[in-house]
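Undergrad: Would you mind keeping the following structure in view while I ask a few things?
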Amino acid sequence: MPRLIFLNRFFHPDHSATSQLLTDLTFHLAKTGVAVHVFTSRQVYDDPNAILPSQDFLQGVRVIRVWTTRFGRQNLLGRTFDYLTFYFSAAWSLFVLLKPGDIVVAKTDPPLISVVAAMVAKSRGAKLINWIQDLFPEVAGALGVGGINGVEGLLRSVRNWSLRTAYKNVAIGDGMAKRLAGEGIKPDAIQVIHNWADGCVIQPVDRDKNDLRREWHIQDRFVVGYSGNIGRAHEFDTILDAAEKLKSDANIIFLFIGGGAQRDRIVEEARRRGLDNIMFKPYQPREQLTLSLTVPDVHLISLQPSLEGLIVPSKFYGIAAAGRPTIFLGDRDGEISTILRETGSGYTVSIGDSVGLANRIQGMLRNNNETLNMGTRARLVFDQRFDQRHAFAAWEELLHQASASP
């Protein structure tokens, strides 16, 4: 197989979602004897002052960390400079390294990196595979991000050119694949490979044997959990309203684990409303995932309906691996809703329906056996479809096809 060159702004030891997925895949491929390079930045996702070494060799993967500015995520202008400097540094390094027949796999951080990768790959006779985690600029438009008004159409046209140039575009869900087809990308240039969790690392743990439940003094409560990014793509007012309706029920507690753009607002809103039935914890270490994901009796996932098909909440895979059911807040015909409905591993509640959410939670508390059965079904469908071994096998097959094609 020819050399594989992966392109993404973050990589190990960074712990952001795109970094972890890329780390999992590249470390696995390197173990099979493939020559793997990763072009990334020297930054850490949540610490702009951290500086990683410019070159590294990690578990068989050659890591090349290019120079960028380090303004971080605190303001749009600084983030834009970080993006631009990564584009230029990565483009030059790619141009120097690439040889005809090499395969470039470009993720979607920073936005439109596929355009840079397409131009360099085309000029050097390399093949391009786009690994699409979200669709920009549509996501920015749906979230009302400033700075793209009037140019969104141009950005989509340039982005679509880079997708049409690619050998294959990997979407992480069926809804995203449909979106790509709607942009004029040929069906044979689109392949769905879901994101994943490691079912050997994340295992179901009985609530009575979970040390974190004891440490946090919630071992006797019915825990409704939200774990992961508390970001702008997600909706939380429905959850807050449901918590307010249930605050007199001493058996139920809401648990937020993680951080993000909306965390401070939610903490303040819970304080203002006097919601003592909401607990907040920071991100837990990755080696603690089995315990942190099995603290809740049921997990919440939310996604703004306008973002359906543009983003797939990857937290679902870890929840399913932990053997816990999900209540999804969002589009009833969306990616996660469809999986829950087809597999009987959870429910969907429309955003704004706080009464329906509160009723679902109370119903799951009363009918504990069915709640446990939904968790069992979640783990079963995870083993059948979403464990990392399925994704790795799909990626290996795709890369072998790419290497054999003219």
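Identifiers for the structure tokens are assigned positionally: chains receive A, B, ... in sequence, residues are indexed from 1 per chain, and ligands are indexed from 1 in the order shown.
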Mind checking which residues fall within 12 Å of Phe11 in chain A, counting only C-alpha atoms, ignoring those fewer than 2 positions away in the same chain, and posting them as JSON, numbers by chain?
TA: {"A": [6, 7, 8, 9, 13, 14, 15, 16, 17, 18, 19, 20, 21, 22, 23, 24, 25, 26, 27, 37, 38, 39, 40, 41, 42, 43, 44, 45, 52, 53, 56, 58, 61, 62, 63, 64, 65, 66, 107, 109]}
Undergrad: Could you please take those selected residues and save N, CA and C atoms as a short mmCIF file (atom, residue, chain, number, x, y, z; two decimals), in the first residue's frame?
TA:
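To be explicit, this is the file written out as selection-v3.cif:
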```cif
data_model
loop_
_atom_site.label_atom_id
_atom_site.label_comp_id
_atom_site.auth_asym_id
_atom_site.auth_seq_id
_atom_site.Cartn_x
_atom_site.Cartn_y
_atom_site.Cartn_z
N PHE A 6 -2.36 11.77 6.71
CA PHE A 6 -3.58 12.29 7.32
C PHE A 6 -3.37 13.76 7.69
N LEU A 7 -4.44 14.53 7.56
CA LEU A 7 -4.35 15.97 7.75
C LEU A 7 -5.47 16.41 8.69
N ASN A 8 -5.09 16.94 9.85
CA ASN A 8 -6.06 17.46 10.82
C ASN A 8 -5.33 18.37 11.79
N ARG A 9 -6.00 19.37 12.30
CA ARG A 9 -5.31 20.38 13.12
C ARG A 9 -4.91 19.85 14.50
N PRO A 13 -1.06 14.11 21.67
CA PRO A 13 -1.83 13.73 22.85
C PRO A 13 -3.08 14.58 23.11
N ASP A 14 -3.48 15.41 22.15
CA ASP A 14 -4.70 16.18 22.31
C ASP A 14 -5.89 15.22 22.46
N HIS A 15 -6.91 15.65 23.26
CA HIS A 15 -8.03 14.77 23.57
C HIS A 15 -9.34 15.22 22.94
N SER A 16 -9.31 16.16 21.98
CA SER A 16 -10.55 16.55 21.32
C SER A 16 -11.08 15.38 20.48
N ALA A 17 -12.36 15.47 20.11
CA ALA A 17 -13.02 14.34 19.46
C ALA A 17 -12.35 13.95 18.15
N THR A 18 -12.06 14.94 17.28
CA THR A 18 -11.45 14.59 15.99
C THR A 18 -10.06 14.02 16.20
N SER A 19 -9.35 14.51 17.20
CA SER A 19 -8.01 14.01 17.48
C SER A 19 -8.06 12.56 17.95
N GLN A 20 -8.98 12.23 18.83
CA GLN A 20 -9.06 10.86 19.34
C GLN A 20 -9.40 9.87 18.23
N LEU A 21 -10.34 10.25 17.37
CA LEU A 21 -10.70 9.36 16.27
C LEU A 21 -9.52 9.15 15.33
N LEU A 22 -8.84 10.23 14.99
CA LEU A 22 -7.68 10.13 14.10
C LEU A 22 -6.57 9.31 14.75
N THR A 23 -6.35 9.52 16.04
CA THR A 23 -5.34 8.75 16.75
C THR A 23 -5.66 7.27 16.72
N ASP A 24 -6.91 6.92 17.04
CA ASP A 24 -7.32 5.51 17.02
C ASP A 24 -7.03 4.86 15.66
N LEU A 25 -7.45 5.53 14.59
CA LEU A 25 -7.33 4.93 13.26
C LEU A 25 -5.88 4.83 12.82
N THR A 26 -5.12 5.89 12.99
CA THR A 26 -3.73 5.87 12.49
C THR A 26 -2.87 4.90 13.28
N PHE A 27 -3.06 4.82 14.59
CA PHE A 27 -2.29 3.85 15.38
C PHE A 27 -2.63 2.43 14.94
N HIS A 37 1.73 8.92 7.94
CA HIS A 37 2.17 10.24 8.37
C HIS A 37 0.93 11.04 8.80
N VAL A 38 1.11 11.91 9.78
CA VAL A 38 0.05 12.82 10.20
C VAL A 38 0.59 14.24 10.18
N PHE A 39 -0.07 15.11 9.43
CA PHE A 39 0.23 16.54 9.44
C PHE A 39 -0.78 17.21 10.37
N THR A 40 -0.26 17.90 11.38
CA THR A 40 -1.12 18.51 12.37
C THR A 40 -0.46 19.78 12.88
N SER A 41 -1.07 20.42 13.86
CA SER A 41 -0.49 21.63 14.44
C SER A 41 0.25 21.27 15.73
N ARG A 42 0.91 22.26 16.31
CA ARG A 42 1.60 22.06 17.58
C ARG A 42 0.70 22.43 18.76
N GLN A 43 -0.57 22.65 18.48
CA GLN A 43 -1.51 23.14 19.49
C GLN A 43 -2.25 22.00 20.19
N VAL A 44 -2.83 22.35 21.32
CA VAL A 44 -3.78 21.52 22.03
C VAL A 44 -5.12 22.24 22.00
N TYR A 45 -6.19 21.51 21.78
CA TYR A 45 -7.52 22.08 21.53
C TYR A 45 -7.93 23.12 22.57
N LEU A 52 3.52 21.63 21.30
CA LEU A 52 4.00 20.27 21.13
C LEU A 52 5.22 20.25 20.22
N PRO A 53 6.05 19.23 20.28
CA PRO A 53 7.25 19.18 19.44
C PRO A 53 6.91 19.16 17.96
N ASP A 56 7.48 13.99 15.71
CA ASP A 56 7.34 12.92 16.68
C ASP A 56 7.18 11.60 15.93
N LEU A 58 5.13 8.22 16.99
CA LEU A 58 4.26 7.67 18.02
C LEU A 58 3.62 6.39 17.53
N VAL A 61 3.62 5.90 13.91
CA VAL A 61 3.08 7.01 13.09
C VAL A 61 4.06 8.18 13.11
N ARG A 62 4.46 8.63 11.92
CA ARG A 62 5.31 9.81 11.81
C ARG A 62 4.45 11.06 11.91
N VAL A 63 4.69 11.86 12.92
CA VAL A 63 3.88 13.06 13.18
C VAL A 63 4.69 14.30 12.84
N ILE A 64 4.13 15.13 11.96
CA ILE A 64 4.77 16.38 11.57
C ILE A 64 3.83 17.51 11.99
N ARG A 65 4.29 18.31 12.95
CA ARG A 65 3.46 19.39 13.49
C ARG A 65 3.96 20.72 12.93
N VAL A 66 3.11 21.33 12.12
CA VAL A 66 3.50 22.55 11.42
C VAL A 66 3.26 23.77 12.31
N LYS A 107 -9.29 15.54 7.13
CA LYS A 107 -10.46 15.70 7.98
C LYS A 107 -11.01 17.12 7.80
N ASP A 109 -11.03 19.78 10.12
CA ASP A 109 -10.54 20.81 11.04
C ASP A 109 -9.14 21.18 10.60
#
```
Undergrad: Give me the residues near Gly375 in chain A as a compact mmCIF listing (two decimals) with all heavy atoms, in the first residue's frame, where near means some atom within 10 Å (using only C-alpha atoms) and where sequence neighbours in that chain fewer than 6 positions away do not count.
TA:
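Just written: around20.txt:
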```txt
# COMPACT_ATOMS: atom_id res chain seq x y z
N PRO A 204 -20.14 -2.04 29.96
CA PRO A 204 -21.24 -1.81 30.92
C PRO A 204 -20.80 -2.13 32.34
O PRO A 204 -20.11 -3.13 32.58
CB PRO A 204 -22.34 -2.77 30.44
CG PRO A 204 -22.02 -3.03 28.99
CD PRO A 204 -20.53 -3.00 28.91
N ASP A 297 -28.23 6.53 34.53
CA ASP A 297 -29.16 5.46 34.18
C ASP A 297 -29.67 5.65 32.76
O ASP A 297 -30.03 4.68 32.09
CB ASP A 297 -30.33 5.44 35.16
CG ASP A 297 -29.87 5.11 36.57
OD1 ASP A 297 -29.67 3.91 36.85
OD2 ASP A 297 -29.68 6.04 37.38
N VAL A 298 -29.73 6.89 32.31
CA VAL A 298 -30.11 7.22 30.94
C VAL A 298 -29.34 8.48 30.54
O VAL A 298 -29.10 9.36 31.37
CB VAL A 298 -31.64 7.44 30.80
CG1 VAL A 298 -32.13 8.55 31.73
CG2 VAL A 298 -32.02 7.75 29.36
N ILE A 319 -22.07 5.98 24.67
CA ILE A 319 -23.24 5.66 25.50
C ILE A 319 -23.70 4.24 25.22
O ILE A 319 -23.97 3.46 26.15
CB ILE A 319 -24.37 6.67 25.22
CG1 ILE A 319 -23.96 8.07 25.66
CG2 ILE A 319 -25.66 6.24 25.92
CD1 ILE A 319 -24.88 9.17 25.14
N ALA A 320 -23.79 3.89 23.95
CA ALA A 320 -24.22 2.53 23.59
C ALA A 320 -23.22 1.49 24.09
O ALA A 320 -23.60 0.43 24.56
CB ALA A 320 -24.40 2.43 22.08
N ALA A 321 -21.91 1.79 23.98
CA ALA A 321 -20.90 0.86 24.47
C ALA A 321 -21.04 0.64 25.96
O ALA A 321 -20.79 -0.46 26.47
CB ALA A 321 -19.50 1.39 24.15
N ALA A 322 -21.46 1.69 26.68
CA ALA A 322 -21.64 1.59 28.13
C ALA A 322 -22.91 0.86 28.51
O ALA A 322 -23.16 0.63 29.70
CB ALA A 322 -21.63 2.99 28.74
N GLY A 323 -23.72 0.50 27.52
CA GLY A 323 -24.95 -0.23 27.80
C GLY A 323 -26.01 0.62 28.47
O GLY A 323 -26.72 0.15 29.37
N ARG A 324 -26.12 1.87 28.04
CA ARG A 324 -27.11 2.77 28.60
C ARG A 324 -28.05 3.27 27.49
O ARG A 324 -27.62 3.50 26.36
CB ARG A 324 -26.45 3.97 29.27
CG ARG A 324 -25.63 3.61 30.51
CD ARG A 324 -26.51 3.02 31.61
NE ARG A 324 -25.79 2.84 32.87
CZ ARG A 324 -25.23 1.70 33.26
NH1 ARG A 324 -25.28 0.63 32.45
NH2 ARG A 324 -24.61 1.61 34.42
N PRO A 325 -29.35 3.45 27.81
CA PRO A 325 -30.29 3.99 26.82
C PRO A 325 -30.10 5.49 26.65
O PRO A 325 -29.45 6.16 27.46
CB PRO A 325 -31.66 3.67 27.44
CG PRO A 325 -31.41 3.63 28.91
CD PRO A 325 -29.99 3.12 29.08
N THR A 326 -30.70 6.01 25.58
CA THR A 326 -30.57 7.42 25.23
C THR A 326 -31.94 8.04 25.05
O THR A 326 -32.85 7.42 24.47
CB THR A 326 -29.78 7.58 23.91
OG1 THR A 326 -28.44 7.14 24.11
CG2 THR A 326 -29.77 9.02 23.43
N GLY A 344 -34.74 -0.01 19.47
CA GLY A 344 -35.39 -0.04 20.77
C GLY A 344 -34.46 0.29 21.91
O GLY A 344 -34.60 -0.22 23.03
N SER A 345 -33.48 1.19 21.65
CA SER A 345 -32.48 1.51 22.66
C SER A 345 -32.66 2.91 23.24
O SER A 345 -31.74 3.44 23.88
CB SER A 345 -31.07 1.37 22.07
OG SER A 345 -30.92 2.18 20.92
N GLY A 346 -33.82 3.51 23.02
CA GLY A 346 -34.06 4.83 23.57
C GLY A 346 -35.28 5.49 22.97
O GLY A 346 -36.07 4.86 22.25
N ASN A 369 -37.00 -2.18 34.76
CA ASN A 369 -36.63 -3.35 33.96
C ASN A 369 -36.52 -3.02 32.48
O ASN A 369 -35.58 -3.45 31.80
CB ASN A 369 -37.62 -4.49 34.18
CG ASN A 369 -37.46 -5.15 35.54
OD1 ASN A 369 -36.38 -5.08 36.14
ND2 ASN A 369 -38.51 -5.78 36.03
```
Undergrad: Within 12 Å of Phe88 in chain A, counting only C-alpha atoms, which residues show up once you throw out same-chain ones fewer than 3 positions away? Write them as a list in words, please.
TA: Ser41, Val66, Trp67, Thr68, Thr69, Phe81, Asp82, Tyr83, Leu84, Thr85, Ala91, Trp92, Ser93, Leu94, Phe95, Pro110, Ile113, Val115, Val116, Ala117 and Val120 of chain A
Undergrad: Find the residues around Gly318 in chain A up to 8 Å (only C-alpha atoms counted), leave out those fewer than 5 positions away in its own chain, and share them as a PyMOL selection string.
TA: chain A and resi 196-198+202+293
Undergrad: Would you mind listing what lies within 9 Å of Asp331 in chain A as a short mmCIF file (atom, residue, chain, number, x, y, z; two decimals) with all heavy atoms, in the first residue's frame, with only C-alpha atoms counted and same-chain residues fewer than 2 positions away left out?
TA:
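Output file around_38.cif follows:
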```cif
data_model
loop_
_atom_site.label_atom_id
_atom_site.label_comp_id
_atom_site.auth_asym_id
_atom_site.auth_seq_id
_atom_site.Cartn_x
_atom_site.Cartn_y
_atom_site.Cartn_z
N LEU A 303 -29.50 17.86 19.62
CA LEU A 303 -28.95 18.46 18.41
C LEU A 303 -30.01 19.37 17.80
O LEU A 303 -31.16 18.95 17.62
CB LEU A 303 -28.55 17.39 17.39
CG LEU A 303 -27.88 17.91 16.11
CD1 LEU A 303 -26.52 18.51 16.41
CD2 LEU A 303 -27.74 16.79 15.07
N GLN A 304 -29.61 20.60 17.50
CA GLN A 304 -30.53 21.52 16.85
C GLN A 304 -30.98 20.90 15.52
O GLN A 304 -30.15 20.45 14.73
CB GLN A 304 -29.84 22.85 16.57
CG GLN A 304 -29.34 23.59 17.80
CD GLN A 304 -30.45 24.31 18.55
OE1 GLN A 304 -31.63 24.21 18.19
NE2 GLN A 304 -30.09 25.02 19.60
N PRO A 305 -32.31 20.87 15.26
CA PRO A 305 -32.79 20.24 14.01
C PRO A 305 -32.17 20.83 12.74
O PRO A 305 -32.00 20.11 11.76
CB PRO A 305 -34.30 20.49 14.07
CG PRO A 305 -34.61 20.58 15.53
CD PRO A 305 -33.41 21.27 16.15
N SER A 306 -31.80 22.11 12.78
CA SER A 306 -31.19 22.73 11.60
C SER A 306 -29.83 22.14 11.27
O SER A 306 -29.31 22.33 10.15
CB SER A 306 -31.06 24.25 11.81
OG SER A 306 -30.22 24.52 12.92
N GLU A 308 -29.18 18.79 11.54
CA GLU A 308 -29.31 17.38 11.18
C GLU A 308 -28.72 17.15 9.79
O GLU A 308 -29.03 17.86 8.84
CB GLU A 308 -30.77 16.97 11.21
CG GLU A 308 -31.01 15.48 11.19
CD GLU A 308 -30.47 14.77 12.42
OE1 GLU A 308 -30.82 15.15 13.55
OE2 GLU A 308 -29.67 13.83 12.22
N PHE A 328 -33.06 11.23 22.98
CA PHE A 328 -32.54 12.21 22.01
C PHE A 328 -33.50 13.37 21.90
O PHE A 328 -34.71 13.18 21.73
CB PHE A 328 -32.36 11.55 20.64
CG PHE A 328 -31.89 12.51 19.57
CD1 PHE A 328 -30.61 13.02 19.60
CD2 PHE A 328 -32.75 12.90 18.55
CE1 PHE A 328 -30.17 13.90 18.62
CE2 PHE A 328 -32.33 13.77 17.56
CZ PHE A 328 -31.03 14.28 17.60
N LEU A 329 -32.97 14.58 21.99
CA LEU A 329 -33.74 15.81 21.82
C LEU A 329 -33.41 16.39 20.45
O LEU A 329 -32.29 16.87 20.25
CB LEU A 329 -33.40 16.82 22.92
CG LEU A 329 -33.74 16.39 24.35
CD1 LEU A 329 -33.07 17.32 25.35
CD2 LEU A 329 -35.24 16.38 24.55
N ASP A 333 -36.85 12.39 12.79
CA ASP A 333 -36.41 11.59 11.64
C ASP A 333 -34.91 11.67 11.44
O ASP A 333 -34.40 11.30 10.37
CB ASP A 333 -37.13 12.08 10.38
CG ASP A 333 -38.63 11.86 10.44
OD1 ASP A 333 -39.04 10.79 10.92
OD2 ASP A 333 -39.39 12.75 10.02
N GLY A 334 -34.18 12.14 12.44
CA GLY A 334 -32.75 12.32 12.31
C GLY A 334 -31.96 11.03 12.49
O GLY A 334 -32.51 9.95 12.71
N GLU A 335 -30.64 11.16 12.39
CA GLU A 335 -29.73 10.01 12.42
C GLU A 335 -29.87 9.21 13.72
O GLU A 335 -30.09 7.99 13.69
CB GLU A 335 -28.29 10.50 12.27
CG GLU A 335 -27.28 9.42 12.01
CD GLU A 335 -27.15 9.06 10.54
OE1 GLU A 335 -27.41 9.93 9.69
OE2 GLU A 335 -26.78 7.91 10.25
N ILE A 336 -29.72 9.89 14.85
CA ILE A 336 -29.78 9.20 16.14
C ILE A 336 -31.18 8.71 16.43
O ILE A 336 -31.38 7.58 16.92
CB ILE A 336 -29.26 10.11 17.27
CG1 ILE A 336 -27.82 10.56 16.99
CG2 ILE A 336 -29.35 9.38 18.61
CD1 ILE A 336 -26.83 9.45 16.86
N SER A 337 -32.20 9.53 16.11
CA SER A 337 -33.59 9.11 16.32
C SER A 337 -33.90 7.81 15.60
O SER A 337 -34.56 6.92 16.14
CB SER A 337 -34.55 10.20 15.83
OG SER A 337 -34.41 11.38 16.57
N THR A 348 -37.06 9.48 21.50
CA THR A 348 -36.85 10.82 20.97
C THR A 348 -37.92 11.74 21.52
O THR A 348 -39.10 11.37 21.58
CB THR A 348 -36.88 10.84 19.44
OG1 THR A 348 -35.80 10.05 18.94
CG2 THR A 348 -36.73 12.26 18.90
N VAL A 349 -37.51 12.94 21.93
CA VAL A 349 -38.42 13.99 22.40
C VAL A 349 -38.13 15.24 21.59
O VAL A 349 -36.96 15.58 21.38
CB VAL A 349 -38.23 14.26 23.90
CG1 VAL A 349 -39.08 15.45 24.35
CG2 VAL A 349 -38.57 13.03 24.73
N SER A 350 -39.16 15.91 21.13
CA SER A 350 -38.96 17.12 20.35
C SER A 350 -38.40 18.24 21.22
O SER A 350 -38.76 18.36 22.41
CB SER A 350 -40.28 17.58 19.72
OG SER A 350 -40.78 16.60 18.84
N ILE A 351 -37.55 19.05 20.64
CA ILE A 351 -37.01 20.20 21.37
C ILE A 351 -38.17 21.13 21.74
O ILE A 351 -39.05 21.42 20.93
CB ILE A 351 -35.96 20.92 20.51
CG1 ILE A 351 -34.66 20.09 20.51
CG2 ILE A 351 -35.69 22.33 21.02
CD1 ILE A 351 -33.56 20.65 19.65
#
```
Undergrad: What is the CA of Arg332 in chain A to CA of Asp353 in chain A distance in Å?
TA: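 Computing it gives 12.5 Å between the two atoms.
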Undergrad: What lies within 8 Å of range 385-390 of chain A using only C-alpha atoms, ignoring chain neighbours under 2 positions off, as a CSV table (one decimal) with N, CA and C atoms, in the first residue's frame?
TA:
```
chain,number,residue,atom,x,y,z
A,194,HIS,N,-19.3,5.1,10.0
A,194,HIS,CA,-19.7,5.8,11.2
A,194,HIS,C,-18.5,6.0,12.1
A,195,ASN,N,-18.5,7.0,12.9
A,195,ASN,CA,-17.5,7.1,14.0
A,195,ASN,C,-17.8,6.0,15.0
A,196,TRP,N,-17.0,5.9,16.1
A,196,TRP,CA,-17.0,4.7,16.9
A,196,TRP,C,-16.6,5.0,18.3
A,197,ALA,N,-16.7,3.9,19.1
A,197,ALA,CA,-16.1,3.9,20.4
A,197,ALA,C,-15.4,2.5,20.5
A,198,ASP,N,-14.5,2.4,21.5
A,198,ASP,CA,-13.8,1.1,21.7
A,198,ASP,C,-14.5,0.3,22.7
A,199,GLY,N,-15.2,-0.8,22.3
A,199,GLY,CA,-16.0,-1.6,23.1
A,199,GLY,C,-15.1,-2.4,24.1
A,317,TYR,N,-22.1,6.7,20.5
A,317,TYR,CA,-21.4,5.5,20.4
A,317,TYR,C,-20.8,5.0,21.8
A,321,ALA,N,-21.9,1.8,24.0
A,321,ALA,CA,-20.9,0.9,24.5
A,321,ALA,C,-21.0,0.6,26.0
A,381,VAL,N,-26.5,-3.5,19.8
A,381,VAL,CA,-26.4,-2.8,18.5
A,381,VAL,C,-25.0,-2.2,18.3
A,382,PHE,N,-24.4,-1.8,19.4
A,382,PHE,CA,-23.0,-1.3,19.4
A,382,PHE,C,-22.1,-2.4,18.9
A,383,ASP,N,-22.2,-3.5,19.5
A,383,ASP,CA,-21.3,-4.6,19.1
A,383,ASP,C,-21.5,-5.0,17.7
A,392,PHE,N,-12.7,0.3,11.5
A,392,PHE,CA,-11.3,0.0,11.0
A,392,PHE,C,-11.3,-0.9,9.8
A,393,ALA,N,-12.2,-1.9,9.8
A,393,ALA,CA,-12.3,-2.8,8.7
A,393,ALA,C,-12.8,-2.1,7.4
A,394,ALA,N,-13.7,-1.2,7.6
A,394,ALA,CA,-14.2,-0.4,6.5
A,394,ALA,C,-13.1,0.5,5.9
```
